[in-house]
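Engineer: Input: one structure, supplied below.
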Amino acid sequence: WRRPFSSLLFRRGRDYSLGKPGDGPDSGYFENGEMRELDELKALGDPGKAAEMAAYHKAPREYLGVAVPVIDALARGWRAGLDVPGRVDLARRLWDSDLHEARIAAAKLLTQARIRPDDAAWDLIAGWVPQFDGWAIADHAMKAGERRLLARPERLDEVEAWLDHSRFWVRRAALVGTLPWTHIRNPKPQDLERRERVLSWLARLADDREWFVQKAIGWWLRELSKHDPGRVRDWLAAHGARLKPFARREAGRWLPENRGGTGQDRPGGDQLP
């Protein structure tokens, strides 16, 4: 038996943040110590989809088979009843469970433009980065991270150190987390300065042979080409020969001279991990 979906999504106002096992019915835990939020996720699981997800993502953890929109709705419900310390605490506990969907929910809890104060949220997100082992969780986490970078761009100093990390997922995260600077239509001088900084990071990583890093470089340039195609042409002229051919093609896919008539050649026509 599963509780009705609506009852799982709209049980707001309960404080999940401060309880420990045995603290009472509103602590966020059952008497056996299991988190109520994990129970709500598990109640929506689909074993068939879970098996498909495990085969697809390949990262060695438990999968429940819960779709991302459902996770997002749950996270919004939990977030509504929590202050910032409570959200950070719940996100930490969900992440530490190492369930695929719980880690996505942890990221969703912190994916907000306004979190004040946000130092604890940023520290938690940055602490997740060395644990990345697949694109799906990493990209959801960096969606939360990019909000904190936009709020405090001086954090780019910390992110730049990720470029030298031995794990390619960390190097990739430096590019995925800075994608918002490709989307600014009317950038101010400080935005252009930060954009140029990240373009220099792409040049530093152009010789990185890891497929996911190359893919991220192509992704970053492809997004920028929608708003500043001339700068992408200049970057490719200077550094494009160092990229793998598929990344070079990806980077130039949306340049006006390369645009075709198919859905895959138009902005929004596909998604990149």
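In the structure tokens, chains take the letters A, B, ... in the order shown, each chain's residues start at 1, and ligands count up from 1 in the order shown.
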What's the 12 Å shell around segment 118-128 of chain A, counting only C-alpha atoms, without same-chain residues fewer than 5 positions away, as a VMD selection string?

Structural biologist: chain A and resid 83 to 96 98 103 to 104 106 to 113 133 137 to 153 155 to 156 158 to 159 161 to 162 169 to 170 173 to 174 177

Engineer: So that I can see what lies close to Ala216 of chain A, please list as a ChimeraX atom specification the residues with an atom at most 7 Å from it, counting only C-alpha atoms and leaving out residues fewer than 2 positions away in the same chain.

Structural biologist: /A:172,175-176,212-214,218-220

Engineer: Using only C-alpha atoms, which residue out of A:Ala80, A:Val232, A:Val68, A:Leu179 lies closest to Ala203 of chain A?

Structural biologist: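 Checking each of A:Ala80, A:Val232, A:Val68, A:Leu179 against Ala203 of chain A, counting only C-alpha atoms, the winner is A:Val232.
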
Engineer: Taking the DSSP assignment computed from this structure's backbone, write out as a ChimeraX atom specification all residues of segment 23-224 of chain A that belong to alpha helix (DSSP H).

Structural biologist: /A:36-43,47-57,68-80,84-96,100-109,119-128,135-151,156-160,168-176,189-205,211-224

Engineer: Go ahead and write the residues just picked, C-alpha atoms, as a short mmCIF file (atom, residue, chain, number, x, y, z; two decimals), in the first residue's frame.

Structural biologist:
```cif
data_model
loop_
_atom_site.label_atom_id
_atom_site.label_comp_id
_atom_site.auth_asym_id
_atom_site.auth_seq_id
_atom_site.Cartn_x
_atom_site.Cartn_y
_atom_site.Cartn_z
CA ARG A 36 10.51 10.43 7.05
CA GLU A 37 11.66 12.11 3.85
CA LEU A 38 13.40 8.94 2.71
CA ASP A 39 10.24 6.99 3.46
CA GLU A 40 8.25 9.39 1.30
CA LEU A 41 10.70 8.92 -1.56
CA LYS A 42 10.68 5.14 -1.17
CA ALA A 43 6.87 5.05 -1.13
CA PRO A 47 11.31 -1.26 -8.99
CA GLY A 48 11.18 -1.64 -12.77
CA LYS A 49 12.28 1.93 -13.39
CA ALA A 50 14.86 1.62 -10.62
CA ALA A 51 16.49 -1.29 -12.44
CA GLU A 52 16.52 0.69 -15.69
CA MET A 53 18.09 3.69 -13.96
CA ALA A 54 20.76 1.56 -12.31
CA ALA A 55 21.70 0.10 -15.69
CA TYR A 56 21.75 3.51 -17.33
CA HIS A 57 23.60 5.57 -14.72
CA VAL A 68 12.79 14.04 -11.24
CA PRO A 69 9.55 16.12 -11.41
CA VAL A 70 8.20 14.10 -8.49
CA ILE A 71 11.42 14.63 -6.52
CA ASP A 72 11.21 18.34 -7.28
CA ALA A 73 7.65 18.53 -5.97
CA LEU A 74 8.61 16.72 -2.77
CA ALA A 75 11.61 18.97 -2.23
CA ARG A 76 9.48 22.09 -2.70
CA GLY A 77 7.07 20.82 -0.09
CA TRP A 78 9.83 20.08 2.41
CA ARG A 79 11.55 23.40 1.74
CA ALA A 80 8.37 25.38 2.42
CA VAL A 84 17.72 28.02 5.88
CA PRO A 85 19.59 26.00 8.56
CA GLY A 86 16.85 23.38 8.39
CA ARG A 87 17.12 23.10 4.61
CA VAL A 88 20.88 22.75 4.78
CA ASP A 89 20.61 20.11 7.50
CA LEU A 90 18.01 18.10 5.59
CA ALA A 91 20.03 18.38 2.38
CA ARG A 92 23.08 17.06 4.21
CA ARG A 93 21.19 14.08 5.59
CA LEU A 94 19.56 13.24 2.27
CA TRP A 95 22.92 13.39 0.48
CA ASP A 96 24.59 11.22 3.09
CA HIS A 100 20.23 8.40 -6.08
CA GLU A 101 16.90 10.20 -5.68
CA ALA A 102 17.78 11.46 -2.20
CA ARG A 103 20.92 13.12 -3.54
CA ILE A 104 18.90 14.81 -6.26
CA ALA A 105 16.39 15.94 -3.62
CA ALA A 106 19.25 17.34 -1.54
CA ALA A 107 20.35 19.45 -4.49
CA LYS A 108 16.77 20.54 -5.19
CA LEU A 109 16.39 21.78 -1.61
CA ASP A 119 27.70 30.26 3.38
CA ALA A 120 26.58 26.94 4.89
CA ALA A 121 24.69 26.05 1.71
CA TRP A 122 27.70 26.82 -0.48
CA ASP A 123 30.08 24.93 1.80
CA LEU A 124 27.82 21.88 1.65
CA ILE A 125 27.50 22.00 -2.14
CA ALA A 126 31.25 22.51 -2.60
CA GLY A 127 31.82 19.57 -0.27
CA TRP A 128 29.71 17.36 -2.52
CA TRP A 135 26.59 13.44 -14.61
CA ALA A 136 22.98 13.27 -13.38
CA ILE A 137 23.56 13.96 -9.69
CA ALA A 138 26.49 16.26 -10.50
CA ASP A 139 24.39 18.46 -12.77
CA HIS A 140 21.55 18.79 -10.27
CA ALA A 141 24.05 19.69 -7.55
CA MET A 142 25.73 22.27 -9.75
CA LYS A 143 22.35 23.84 -10.52
CA ALA A 144 22.29 24.63 -6.82
CA GLY A 145 25.93 25.63 -6.96
CA GLU A 146 25.51 28.07 -9.83
CA ARG A 147 22.94 30.06 -7.80
CA ARG A 148 25.49 30.47 -5.04
CA LEU A 149 28.17 31.51 -7.54
CA LEU A 150 25.89 34.15 -9.04
CA ALA A 151 25.09 35.40 -5.55
CA LEU A 156 35.02 31.66 -8.56
CA ASP A 157 38.42 31.84 -6.83
CA GLU A 158 37.56 28.59 -5.04
CA VAL A 159 36.10 27.00 -8.16
CA GLU A 160 39.22 27.74 -10.19
CA PHE A 168 37.55 14.66 -13.90
CA TRP A 169 34.07 15.12 -12.40
CA VAL A 170 35.50 17.96 -10.30
CA ARG A 171 37.17 19.58 -13.30
CA ARG A 172 33.92 19.28 -15.22
CA ALA A 173 31.95 20.84 -12.33
CA ALA A 174 33.94 24.06 -12.69
CA LEU A 175 32.50 24.46 -16.18
CA VAL A 176 28.96 23.26 -15.50
CA PRO A 189 31.61 44.80 -17.65
CA GLN A 190 32.02 42.57 -14.58
CA ASP A 191 30.00 39.83 -16.30
CA LEU A 192 32.26 40.01 -19.34
CA GLU A 193 35.30 39.82 -17.09
CA ARG A 194 33.98 36.67 -15.44
CA ARG A 195 33.03 35.20 -18.80
CA GLU A 196 36.57 35.78 -20.06
CA ARG A 197 37.92 34.18 -16.93
CA VAL A 198 35.98 30.99 -17.58
CA LEU A 199 36.98 31.04 -21.26
CA SER A 200 40.57 30.98 -20.03
CA TRP A 201 39.66 27.91 -17.97
CA LEU A 202 38.35 26.25 -21.11
CA ALA A 203 41.70 26.94 -22.77
CA ARG A 204 43.49 25.38 -19.78
CA LEU A 205 41.36 22.24 -20.13
CA TRP A 211 35.36 12.73 -22.70
CA PHE A 212 33.13 14.42 -20.11
CA VAL A 213 35.48 17.39 -19.79
CA GLN A 214 35.61 17.78 -23.56
CA LYS A 215 31.82 17.52 -23.68
CA ALA A 216 31.52 20.26 -21.04
CA ILE A 217 33.84 22.56 -23.01
CA GLY A 218 31.69 22.06 -26.11
CA TRP A 219 28.54 22.63 -24.07
CA TRP A 220 29.88 25.89 -22.57
CA LEU A 221 30.89 27.29 -25.94
CA ARG A 222 27.70 26.14 -27.60
CA GLU A 223 25.62 28.00 -25.01
CA LEU A 224 27.74 31.13 -25.37
#
```

Engineer: Using only C-alpha atoms, find the one residue out of A:Ala238, A:Asp208, A:Leu99, A:Ile115 that sits nearest to Leu82 of chain A.

Structural biologist: A:Ile115

Engineer: If we count only C-alpha atoms, what is near Arg249 of chain A at a cut-off of 10 Å, once residues fewer than 3 positions away on the same chain are taken out, given as a VMD selection string?

Structural biologist: chain A and resid 218 222 240 243 to 246 252 to 254 258

Engineer: Pull N, CA, C and O atoms from the residues just selected and write them as a PDB file, in the first residue's frame.

Structural biologist:
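File produced: again-v1.pdb:
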```pdb
ATOM      1  N   GLY A 218      32.578  21.846 -24.973  1.00  0.00           N
ATOM      2  CA  GLY A 218      31.690  22.065 -26.110  1.00  0.00           C
ATOM      3  C   GLY A 218      30.352  22.640 -25.695  1.00  0.00           C
ATOM      4  O   GLY A 218      29.800  23.527 -26.381  1.00  0.00           O
ATOM      5  N   ARG A 222      28.956  26.194 -26.856  1.00  0.00           N
ATOM      6  CA  ARG A 222      27.696  26.135 -27.600  1.00  0.00           C
ATOM      7  C   ARG A 222      26.668  27.081 -27.006  1.00  0.00           C
ATOM      8  O   ARG A 222      25.972  27.822 -27.736  1.00  0.00           O
ATOM      9  N   GLY A 240      40.596  25.756 -30.825  1.00  0.00           N
ATOM     10  CA  GLY A 240      39.743  24.658 -31.272  1.00  0.00           C
ATOM     11  C   GLY A 240      40.494  23.431 -31.743  1.00  0.00           C
ATOM     12  O   GLY A 240      40.027  22.301 -31.565  1.00  0.00           O
ATOM     13  N   LEU A 243      40.924  20.643 -29.208  1.00  0.00           N
ATOM     14  CA  LEU A 243      39.777  19.868 -28.756  1.00  0.00           C
ATOM     15  C   LEU A 243      39.643  18.586 -29.568  1.00  0.00           C
ATOM     16  O   LEU A 243      40.090  18.506 -30.709  1.00  0.00           O
ATOM     17  N   LYS A 244      38.983  17.613 -28.962  1.00  0.00           N
ATOM     18  CA  LYS A 244      38.599  16.441 -29.732  1.00  0.00           C
ATOM     19  C   LYS A 244      37.573  16.869 -30.786  1.00  0.00           C
ATOM     20  O   LYS A 244      36.806  17.815 -30.573  1.00  0.00           O
ATOM     21  N   PRO A 245      37.550  16.183 -31.932  1.00  0.00           N
ATOM     22  CA  PRO A 245      36.644  16.619 -33.011  1.00  0.00           C
ATOM     23  C   PRO A 245      35.190  16.753 -32.584  1.00  0.00           C
ATOM     24  O   PRO A 245      34.509  17.704 -32.987  1.00  0.00           O
ATOM     25  N   PHE A 246      34.673  15.836 -31.764  1.00  0.00           N
ATOM     26  CA  PHE A 246      33.260  15.917 -31.391  1.00  0.00           C
ATOM     27  C   PHE A 246      32.997  17.162 -30.549  1.00  0.00           C
ATOM     28  O   PHE A 246      31.940  17.799 -30.668  1.00  0.00           O
ATOM     29  N   GLY A 252      30.669  24.581 -32.038  1.00  0.00           N
ATOM     30  CA  GLY A 252      30.240  25.423 -33.150  1.00  0.00           C
ATOM     31  C   GLY A 252      28.878  25.099 -33.707  1.00  0.00           C
ATOM     32  O   GLY A 252      28.454  25.710 -34.690  1.00  0.00           O
ATOM     33  N   ARG A 253      28.160  24.183 -33.075  1.00  0.00           N
ATOM     34  CA  ARG A 253      26.906  23.696 -33.651  1.00  0.00           C
ATOM     35  C   ARG A 253      25.890  24.805 -33.861  1.00  0.00           C
ATOM     36  O   ARG A 253      25.157  24.806 -34.860  1.00  0.00           O
ATOM     37  N   TRP A 254      25.803  25.749 -32.930  1.00  0.00           N
ATOM     38  CA  TRP A 254      24.771  26.780 -33.036  1.00  0.00           C
ATOM     39  C   TRP A 254      25.295  28.098 -33.591  1.00  0.00           C
ATOM     40  O   TRP A 254      24.580  29.091 -33.574  1.00  0.00           O
ATOM     41  N   ASN A 258      26.556  27.378 -39.089  1.00  0.00           N
ATOM     42  CA  ASN A 258      26.451  25.922 -38.959  1.00  0.00           C
ATOM     43  C   ASN A 258      25.044  25.447 -38.674  1.00  0.00           C
ATOM     44  O   ASN A 258      24.810  24.239 -38.611  1.00  0.00           O
TER      45      ASN A 258
END
```

Engineer: Please measure the separation of atom CA of Asp164 of chain A and atom CA of Trp235 of chain A, giving the value in Å to one decimal.

Structural biologist: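 Calculated distance between atom CA of Asp164 of chain A and atom CA of Trp235 of chain A is 21.3 Å.
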
Engineer: Can you work out the spacing between atom CA of Arg167 of chain A and atom CA of Thr182 of chain A in Å, to one decimal?

Structural biologist: 24.4 Å

Engineer: So, counting only C-alpha atoms, which residue among A:His165, A:Arg209, A:Ala67, A:Pro256 is closest to Val129 of chain A?

Structural biologist: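 Residue with the minimum atom-to-atom distance to Val129 of chain A: A:His165.
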